[in-house]
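Text of the file my_file.cif, holding mmCIF, C-alpha atoms:
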data_input
loop_
_atom_site.group_PDB
_atom_site.id
_atom_site.type_symbol
_atom_site.label_atom_id
_atom_site.label_comp_id
_atom_site.auth_asym_id
_atom_site.auth_seq_id
_atom_site.Cartn_x
_atom_site.Cartn_y
_atom_site.Cartn_z
ATOM 1 C CA MET A 1 85.833 126.712 67.068
ATOM 2 C CA GLU A 2 83.761 128.171 69.898
ATOM 3 C CA ARG A 3 80.092 127.092 69.991
ATOM 4 C CA TYR A 4 77.155 128.331 72.026
ATOM 5 C CA TRP A 5 74.115 126.300 72.999
ATOM 6 C CA LEU A 6 70.569 127.327 73.719
ATOM 7 C CA ALA A 7 69.221 125.182 76.590
ATOM 8 C CA ILE A 8 65.472 124.925 77.113
ATOM 9 C CA ASN A 9 64.086 123.117 80.182
ATOM 10 C CA SER A 10 60.290 122.767 80.348
ATOM 11 C CA PRO A 11 58.647 121.341 83.494
ATOM 12 C CA ILE A 12 55.590 119.139 82.909
ATOM 13 C CA LEU A 13 53.227 119.089 85.901
ATOM 14 C CA ASP A 14 50.891 116.303 86.987
ATOM 15 C CA ASP A 15 47.260 116.911 88.022
ATOM 16 C CA ALA A 16 48.388 117.824 91.561
ATOM 17 C CA GLY A 17 50.747 120.508 90.235
ATOM 18 C CA GLU A 18 53.906 118.511 91.007
ATOM 19 C CA VAL A 19 56.752 118.265 88.498
ATOM 20 C CA GLU A 20 56.379 114.941 86.732
ATOM 21 C CA TYR A 21 58.905 115.420 83.904
ATOM 22 C CA ILE A 22 61.443 117.955 82.780
ATOM 23 C CA LEU A 23 61.868 118.114 79.033
ATOM 24 C CA HIS A 24 65.360 119.223 78.049
ATOM 25 C CA GLN A 25 66.300 120.502 74.631
ATOM 26 C CA ALA A 26 69.679 121.843 73.521
ATOM 27 C CA GLU A 27 70.117 123.615 70.201
ATOM 28 C CA ASP A 28 73.062 125.232 68.515
ATOM 29 C CA ALA A 29 72.527 128.951 69.164
ATOM 30 C CA ALA A 30 73.961 129.846 65.750
ATOM 31 C CA THR A 31 71.129 127.999 64.009
ATOM 32 C CA GLU A 32 68.547 129.487 66.368
ATOM 33 C CA ARG A 33 69.732 133.038 65.811
ATOM 34 C CA ARG A 34 66.767 134.156 63.698
ATOM 35 C CA HIS A 35 64.128 132.305 65.698
ATOM 36 C CA GLY A 36 64.305 134.275 68.944
ATOM 37 C CA SER A 37 62.198 137.112 70.281
ATOM 38 C CA MET A 38 64.012 139.813 68.310
ATOM 39 C CA ALA A 39 63.397 137.899 65.058
ATOM 40 C CA ILE A 40 59.679 137.852 65.869
ATOM 41 C CA LEU A 41 59.739 141.573 66.655
ATOM 42 C CA ASP A 42 61.536 142.163 63.340
ATOM 43 C CA ARG A 43 58.836 140.226 61.477
ATOM 44 C CA VAL A 44 56.050 142.360 62.969
ATOM 45 C CA GLY A 45 57.966 145.531 62.181
ATOM 46 C CA VAL A 46 58.992 146.736 65.650
ATOM 47 C CA GLY A 47 62.488 145.235 66.000
ATOM 48 C CA ALA A 48 64.284 148.445 65.001
ATOM 49 C CA ALA A 49 62.195 150.531 67.428
ATOM 50 C CA VAL A 50 62.868 148.042 70.256
ATOM 51 C CA ARG A 51 66.612 148.207 69.576
ATOM 52 C CA ALA A 52 66.501 152.023 69.505
ATOM 53 C CA ARG A 53 64.689 152.284 72.878
ATOM 54 C CA SER A 54 66.419 149.458 74.722
ATOM 55 C CA LEU A 55 69.643 149.004 76.609
ATOM 56 C CA GLN A 56 71.730 146.337 74.884
ATOM 57 C CA THR A 57 72.804 143.472 77.129
ATOM 58 C CA THR A 58 75.582 141.008 76.410
ATOM 59 C CA GLY A 59 74.614 138.309 78.927
ATOM 60 C CA MET A 60 73.117 137.609 82.345
ATOM 61 C CA THR A 61 74.367 137.272 85.900
ATOM 62 C CA VAL A 62 72.169 135.252 88.273
ATOM 63 C CA THR A 63 72.940 135.509 92.000
ATOM 64 C CA GLY A 64 71.624 132.984 94.539
ATOM 65 C CA PRO A 65 70.536 133.391 98.171
ATOM 66 C CA ARG A 66 73.990 132.694 99.633
ATOM 67 C CA GLY A 67 75.868 134.971 97.250
ATOM 68 C CA GLU A 68 76.809 132.355 94.654
ATOM 69 C CA SER A 69 76.497 133.583 91.103
ATOM 70 C CA VAL A 70 76.514 132.319 87.556
ATOM 71 C CA CYS A 71 77.519 134.558 84.658
ATOM 72 C CA ALA A 72 76.849 133.756 81.016
ATOM 73 C CA ASP A 73 77.460 135.784 77.889
ATOM 74 C CA TYR A 74 75.243 135.646 74.831
ATOM 75 C CA PRO A 75 76.804 134.390 71.596
ATOM 76 C CA PRO A 76 78.705 137.017 69.569
ATOM 77 C CA GLY A 77 76.371 139.123 67.448
ATOM 78 C CA LEU A 78 73.287 138.089 69.436
ATOM 79 C CA PRO A 79 72.715 140.780 72.098
ATOM 80 C CA GLY A 80 69.755 141.025 74.437
ATOM 81 C CA ALA A 81 67.500 144.055 74.709
ATOM 82 C CA ALA A 82 66.266 145.446 78.032
ATOM 83 C CA LEU A 83 63.420 147.947 78.040
ATOM 84 C CA LEU A 84 60.416 148.821 80.153
ATOM 85 C CA ARG A 85 57.402 146.579 79.587
ATOM 86 C CA ARG A 86 55.170 149.609 79.037
ATOM 87 C CA ASP A 87 57.452 150.733 76.173
ATOM 88 C CA LEU A 88 57.277 147.298 74.520
ATOM 89 C CA ASP A 89 53.492 147.193 74.970
ATOM 90 C CA LEU A 90 53.134 150.614 73.332
ATOM 91 C CA LEU A 91 55.298 149.593 70.361
ATOM 92 C CA LEU A 92 53.257 146.417 69.879
ATOM 93 C CA LEU A 93 49.967 148.313 70.193
ATOM 94 C CA GLU A 94 51.050 150.890 67.616
ATOM 95 C CA ALA A 95 52.085 148.115 65.207
ATOM 96 C CA ALA A 96 48.762 146.297 65.664
ATOM 97 C CA VAL A 97 46.731 149.453 65.027
ATOM 98 C CA HIS A 98 48.885 150.244 61.979
ATOM 99 C CA ALA A 99 48.146 146.700 60.703
ATOM 100 C CA GLY A 100 44.393 147.325 61.036
ATOM 101 C CA ALA A 101 43.529 146.166 64.556
ATOM 102 C CA GLN A 102 40.844 148.138 66.353
ATOM 103 C CA PHE A 103 41.884 149.605 69.720
ATOM 104 C CA GLU A 104 39.358 150.541 72.383
ATOM 105 C CA PRO A 105 41.130 152.378 75.236
ATOM 106 C CA GLY A 106 39.701 152.027 78.721
ATOM 107 C CA ALA A 107 37.884 148.761 77.975
ATOM 108 C CA THR A 108 37.893 146.012 80.615
ATOM 109 C CA VAL A 109 37.289 142.383 79.687
ATOM 110 C CA ARG A 110 34.538 140.949 81.899
ATOM 111 C CA ASP A 111 34.171 137.451 80.452
ATOM 112 C CA ALA A 112 34.712 135.199 77.474
ATOM 113 C CA ILE A 113 31.883 134.447 75.068
ATOM 114 C CA VAL A 114 31.829 130.708 74.465
ATOM 115 C CA GLY A 115 29.811 129.295 71.572
ATOM 116 C CA ASP A 116 27.743 126.103 71.463
ATOM 117 C CA ASP A 117 30.815 124.298 70.092
ATOM 118 C CA ALA A 118 32.783 125.232 73.270
ATOM 119 C CA ARG A 119 35.033 127.611 71.284
ATOM 120 C CA VAL A 120 35.735 131.167 72.403
ATOM 121 C CA CYS A 121 34.081 133.476 69.885
ATOM 122 C CA GLY A 122 34.475 136.849 71.587
ATOM 123 C CA VAL A 123 34.627 138.752 74.852
ATOM 124 C CA ARG A 124 32.199 140.722 76.994
ATOM 125 C CA ILE A 125 33.706 144.108 77.839
ATOM 126 C CA MET A 126 32.912 147.160 79.923
ATOM 127 C CA SER A 127 33.584 150.326 77.972
ATOM 128 C CA SER A 128 32.236 153.864 78.303
ATOM 129 C CA ARG A 129 30.229 152.734 81.348
ATOM 130 C CA ARG A 130 28.321 150.102 79.411
ATOM 131 C CA GLU A 131 28.782 146.404 78.934
ATOM 132 C CA HIS A 132 28.728 144.937 75.434
ATOM 133 C CA ASP A 133 29.965 141.975 73.429
ATOM 134 C CA LEU A 134 32.801 141.958 70.919
ATOM 135 C CA ARG A 135 32.698 138.951 68.612
ATOM 136 C CA ALA A 136 35.918 137.754 66.976
ATOM 137 C CA ARG A 137 37.178 134.835 64.927
ATOM 138 C CA VAL A 138 40.318 134.730 67.122
ATOM 139 C CA VAL A 139 40.601 135.792 70.785
ATOM 140 C CA ILE A 140 44.053 136.031 72.368
ATOM 141 C CA ALA A 141 44.169 136.025 76.168
ATOM 142 C CA ALA A 142 47.267 138.215 76.474
ATOM 143 C CA ASP A 143 46.269 139.892 79.712
ATOM 144 C CA GLY A 144 49.062 138.553 81.906
ATOM 145 C CA ARG A 145 49.231 136.825 85.275
ATOM 146 C CA GLY A 146 46.033 138.465 86.531
ATOM 147 C CA SER A 147 44.082 137.252 83.503
ATOM 148 C CA ARG A 148 40.302 137.209 83.750
ATOM 149 C CA LEU A 149 40.010 134.831 80.808
ATOM 150 C CA ALA A 150 42.633 132.162 81.557
ATOM 151 C CA PRO A 151 41.138 130.821 84.844
ATOM 152 C CA ARG A 152 37.581 131.002 83.494
ATOM 153 C CA LEU A 153 38.608 128.920 80.479
ATOM 154 C CA ARG A 154 40.917 126.651 82.520
ATOM 155 C CA LEU A 155 43.906 127.749 80.467
ATOM 156 C CA ALA A 156 46.107 128.441 83.491
ATOM 157 C CA ARG A 157 46.393 127.603 87.150
ATOM 158 C CA PHE A 158 48.910 128.237 89.865
ATOM 159 C CA ALA A 159 50.832 125.384 91.415
ATOM 160 C CA PRO A 160 50.273 125.103 95.197
ATOM 161 C CA ALA A 161 54.034 125.031 95.816
ATOM 162 C CA PRO A 162 56.588 126.443 95.755
ATOM 163 C CA ARG A 163 55.096 129.841 96.488
ATOM 164 C CA ARG A 164 57.424 132.570 95.265
ATOM 165 C CA TRP A 165 57.235 136.265 94.685
ATOM 166 C CA ALA A 166 59.256 138.669 92.621
ATOM 167 C CA TYR A 167 59.622 142.374 92.172
ATOM 168 C CA GLY A 168 61.427 144.544 89.693
ATOM 169 C CA ALA A 169 63.102 147.883 90.116
ATOM 170 C CA TYR A 170 64.634 150.465 87.828
ATOM 171 C CA PHE A 171 67.552 152.615 88.925
ATOM 172 C CA GLY A 172 69.239 155.634 87.400
ATOM 173 C CA GLY A 173 72.613 157.257 87.987
ATOM 174 C CA VAL A 174 74.297 154.022 89.075
ATOM 175 C CA GLU A 175 78.034 153.995 88.427
ATOM 176 C CA ARG A 176 80.098 151.113 87.001
ATOM 177 C CA LEU A 177 77.265 149.235 85.356
ATOM 178 C CA GLY A 178 78.264 146.316 83.177
ATOM 179 C CA SER A 179 76.573 145.144 80.009
ATOM 180 C CA ARG A 180 74.977 142.049 81.568
ATOM 181 C CA GLY A 181 71.461 141.918 82.933
ATOM 182 C CA GLU A 182 71.158 140.818 86.558
ATOM 183 C CA MET A 183 68.731 138.574 88.405
ATOM 184 C CA HIS A 184 68.890 137.958 92.138
ATOM 185 C CA VAL A 185 67.126 134.826 93.436
ATOM 186 C CA ARG A 186 66.372 134.649 97.150
#

When written as structure tokens, how does the structure in this file appear?
Amino acid sequence: MERYWLAINSPILDDAGEVEYILHQAEDAATERRHGSMAILDRVGVGAAVRARSLQTTGMTVTGPRGESVCADYPPGLPGAALLRRDLDLLLLEAAVHAGAQFEPGATVRDAIVGDDARVCGVRIMSSRREHDLRARVVIAADGRGSRLAPRLRLARFAPAPRRWAYGAYFGGVERLGSRGEMHVR
């Protein structure tokens, strides 16, 4: 019987930003099948739309700086989905609005509103050329690496080393593409 394992390695940093521990967890991929990202997208009602707009991938190939590479296939019946981030964001936005969330296009978060109990209770935004407060029971700082909220609230920081950068590119008309995603580490 062939088995597939899901390996999760989580670095734990000390106060200086150095790796102090690495937590390793291995789980049988067959039992994790419905707990991945696609299962979450299915639960919020956008899984079918993601599958329809995405390119199905069957695994990953990671290539290192000297040309070495590692190839791994996903377990049978558990494909990956590759799509543009802007397409995923739009699908998630449409689902949130459909579920009753209010959407204010063109708004920029300026700051978090922190109550006397030190809990975030809203955000200060700039919208339609005026600044105003939006109060909320729950605030989710889902504004990415350039977050205005995360540093202000000490939710995230960047380690001093190693300094790395990455870029992505999309190509069309390329011949002989395989079904694996590719990542090149330099």

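Across the model, the gap from CA of Ile40 in chain A to CA of Ala107 in chain A is 27.2 Å.
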
For this session: Decode the PyMOL selection byres ((chain A and resi 130) around 12) for the given file into explicit residues and return them as a count of residues only.
Result: 14

Problem set entry | Distance in Å - CA of Ala112 in chain A versus CA of Arg152 in chain A |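 Separation of CA of Ala112 in chain A and CA of Arg152 in chain A: 7.9 Å.
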
Exercise. So which one's closest to Leu92 in chain A, A:Val120, A:Val114, A:Val44, A:Leu23? Using all atoms listed in the file, please.
Worked result: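 The shortest atom-to-atom distance to Leu92 in chain A comes from A:Val44.
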
Problem set entry | Selected residue of minimal separation from Ser54 in chain A among A:Val138, A:Ala118, A:Leu83, A:Ala96, counting only C-alpha atoms |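 Using only C-alpha atoms, Ser54 in chain A sits closest to A:Leu83.
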
For this session: Compile the contact shell of Ala95 in chain A as a list in words: residues with an atom at most 12 Å away, counting only C-alpha atoms, same-chain residues fewer than 2 positions apart removed.
Result: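 Listing them by chain and then by number gives Leu41, Asp42, Arg43, Val44, Gly45, Val46, Gly47, Ala49, Val50, Leu88, Asp89, Leu90, Leu91, Leu92, Leu93, Val97, His98, Ala99, Gly100, Ala101, Gln102 and Phe103 of chain A.
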
Problem set entry | Shell around Thr63 in chain A at 12 Å using all atoms listed in the file, local window under 5 positions removed, as a PyMOL selection string | chain A and resi 68-72+181-186

For this session: Step by step, work through what the PyMOL selection byres ((chain A and resi 80) around 10) selects in the shown file, and finish by giving those residues as a list in words.
Result: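 That selection, the PyMOL selection byres ((chain A and resi 80) around 10), comes back as Ser37, Met38, Arg51, Ser54, Leu55, Gln56, Thr57, Thr58, Gly59, Met60, Asp73, Tyr74, Gly77, Leu78, Pro79, Ala81, Ala82, Ser179, Arg180 and Gly181 of chain A.
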
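Within the file as shown, the PyMOL selection byres ((chain A and resi 141) around 12) identifies Val109, Asp111, Ala112, Val120, Gly122, Val123, Val138, Val139, Ile140, Ala142, Asp143, Gly144, Arg145, Gly146, Ser147, Arg148, Leu149, Ala150, Pro151, Arg152, Leu153, Arg154, Leu155 and Ala156 of chain A.
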
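The gap separating CA of Pro160 in chain A from CA of Asp15 in chain A is 11.3 Å, in Å to one decimal.
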